[in-house]
Amino acid sequence: ITEKFGMNIGNYDFISSYIQTKTLYDSSNTINRLVVELISNASPVLPAKVSVSTDDGSTWSGYENIGRIFPNNTSLLGIWTTTSSLTIGRMAMGSCGSNTSSLIFGGDTSTNSNLYTISVEKWSGSSWAITSSLNNIIGRNRGFATTSGAISFGGSSSVIVPLNKTEIWSGSTWATTSNLTYSKSYSSGCGTISSGLSIAGTTDSSVTAVNYVEKWSGSLWSISTSINIARYANAACGDSTNSLIFGGSNGTNFISSTEIWNGSSWATTGSLNS
């Protein structure tokens with residue numbers, strides 16, 4: 001069955017002359033799935049949620065298998081493009097900043113030998129350059145703030161044994177500063193040079209997920225309100241009074257749960273879609 005229809009998704013208008021739709025039926029699947037492809041005269045791809053009603057009264061909505069959507073106004077899109085590479089390839093490192101000025105620090109430079117580094121690179125908005133190194137060899141660390149003042153905390157030095165080390169970036173050099181209360185790796189962080197959070201992670205070589213949260217005052221770490229669901233290798237965004245943590249692993253499974261911080265307590269909120 002092929003139909004044509006018109007629809008609006010946010011700022012993108014699609015009229016029937018630009019739309020091709022098709023329904024696919026898989027007899028091995030107990031749920032008939034409608035697969036929609038929306039095509040106009042422009043590119044690039046915009047993922048979106050669609051809802052479709054067919055002439056037999058059935059409906060379908062979702063993000064899966066919706067094909068490609070090409071909006072007429074591409075100026076509203078954010079597009080990923082490849083750009084200048086890092087000087088040293090690495091993973092599991094700390095980072096902070098923006099798309100015009102950022103830092104990466106520490107990390108694992110080998111895929112199979114836990115070869116951690118003190119190396120730091122700075123992004124100018126167009127290229128990476130080596131800058132002043134950390135004082136401690138570290139990987140699986142995390143960080144927050146900006147290129148004019150930043151924090152690197154936690155991580156491991158050579159094996160999966162978490163550390164409590166913290167270093168502070170002045171804009172030109174790194175200096176050791178007050179340690180975390182808990183030794184942690186695979187955590188997440190957000191905030192500024194004067195007020196930030198270290199959230200979740202693992203505190204032992206068995207990679208056991210924890211729900212611990214610590215708050216950075218600008219000079220010291222202190223224990224704060226724990227998150228509801230223990231996790232590690234999660235991500236965070238925001239600041240010390242208004243932030244989100246999401247994803248990660250509980251040690252057995254990847255988790256999609258998200259929690260929101262209002263400055264005094266954590267509450268669960270909408271989960272990741274995948």
# chains A, B, ... in the order shown; residues from 1 in each chain; ligands from 1
call {"tool": "residues_around", "arguments": {"residues": "segment 93-103 of chain A", "least_positions_apart": "4", "cutoff": "7 Å", "atoms": "only C-alpha atoms", "output": "PyMOL selection string"}}
result
chain A and resi 107-108+121-125+139-147+152
call {"tool": "residues_around", "arguments": {"residues": "segment 239-243 of chain A", "least_positions_apart": "4", "cutoff": "8 Å", "atoms": "only C-alpha atoms", "output": "NGL selection string"}}
result
:A and (190-192 or 195-197 or 215 or 260-264)
call {"tool": "closest_residue", "arguments": {"among": "A:Val213, A:Leu244, A:Ile160, A:Ala236", "to": "Leu180 of chain A", "atoms": "only C-alpha atoms"}}
result
A:Val213
call {"tool": "closest_residue", "arguments": {"among": "A:Leu134, A:Ile168, A:Ile223, A:Ile79", "to": "Phe105 of chain A", "atoms": "only C-alpha atoms"}}
result
A:Leu134
call {"tool": "atom_distance", "arguments": {"atom1": "atom CA of Ser249 of chain A", "atom2": "atom CA of Ile199 of chain A"}}
result
13.3 Å
call {"tool": "residues_around", "arguments": {"residues": "Thr166 of chain A", "least_positions_apart": "5", "cutoff": "7 Å", "atoms": "only C-alpha atoms", "output": "VMD selection string"}}
result
chain A and resid 152 to 154 176 to 180
call {"tool": "atom_distance", "arguments": {"atom1": "atom CA of Asn253 of chain A", "atom2": "atom CA of Gly270 of chain A"}}
result
18.4 Å
call {"tool": "residues_around", "arguments": {"residues": "Thr111 of chain A", "least_positions_apart": "2", "cutoff": "12 Å", "atoms": "only C-alpha atoms", "output": "list in words"}}
result
Gly89, Arg90, Met91, Ala92, Gly107, Asp108, Thr109, Ser113, Asn114, Leu115 and Tyr116 of chain A
call {"tool": "closest_residue", "arguments": {"among": "A:Ser274, A:Ile88, A:Ala175, A:Gly149", "to": "Thr117 of chain A", "atoms": "only C-alpha atoms"}}
result
A:Ile88
call {"tool": "residues_around", "arguments": {"residues": "Thr258 of chain A", "least_positions_apart": "3", "cutoff": "9 Å", "atoms": "only C-alpha atoms", "output": "list in words"}}
result
Leu244, Ile245, Phe246, Gly247, Ile255, Ala267, Thr268, Thr269, Gly270, Ser271 and Leu272 of chain A
call {"tool": "closest_residue", "arguments": {"among": "A:Ser126, A:Ser110, A:Ser187, A:Ser217", "to": "Leu86 of chain A", "atoms": "only C-alpha atoms"}}
result
A:Ser126
call {"tool": "residues_around", "arguments": {"residues": "Gly248 of chain A", "least_positions_apart": "4", "cutoff": "7 Å", "atoms": "only C-alpha atoms", "output": "ChimeraX atom specification"}}
result
/A:231-234,254-255
call {"tool": "write_last_selection", "arguments": {"atoms": "C-alpha atoms", "output": "mmCIF file, in the first residue's frame"}}
result
data_model
loop_
_atom_site.group_PDB
_atom_site.id
_atom_site.type_symbol
_atom_site.label_atom_id
_atom_site.label_comp_id
_atom_site.auth_asym_id
_atom_site.auth_seq_id
_atom_site.Cartn_x
_atom_site.Cartn_y
_atom_site.Cartn_z
ATOM 1 C CA ARG A 231 26.450 3.485 37.885
ATOM 2 C CA TYR A 232 29.806 4.078 36.233
ATOM 3 C CA ALA A 233 30.958 5.237 32.781
ATOM 4 C CA ASN A 234 27.964 7.562 32.770
ATOM 5 C CA PHE A 254 23.955 -0.786 30.399
ATOM 6 C CA ILE A 255 21.317 1.489 31.865
#
call {"tool": "atom_distance", "arguments": {"atom1": "atom CA of Thr225 of chain A", "atom2": "atom CA of Ser265 of chain A"}}
result
6.3 Å
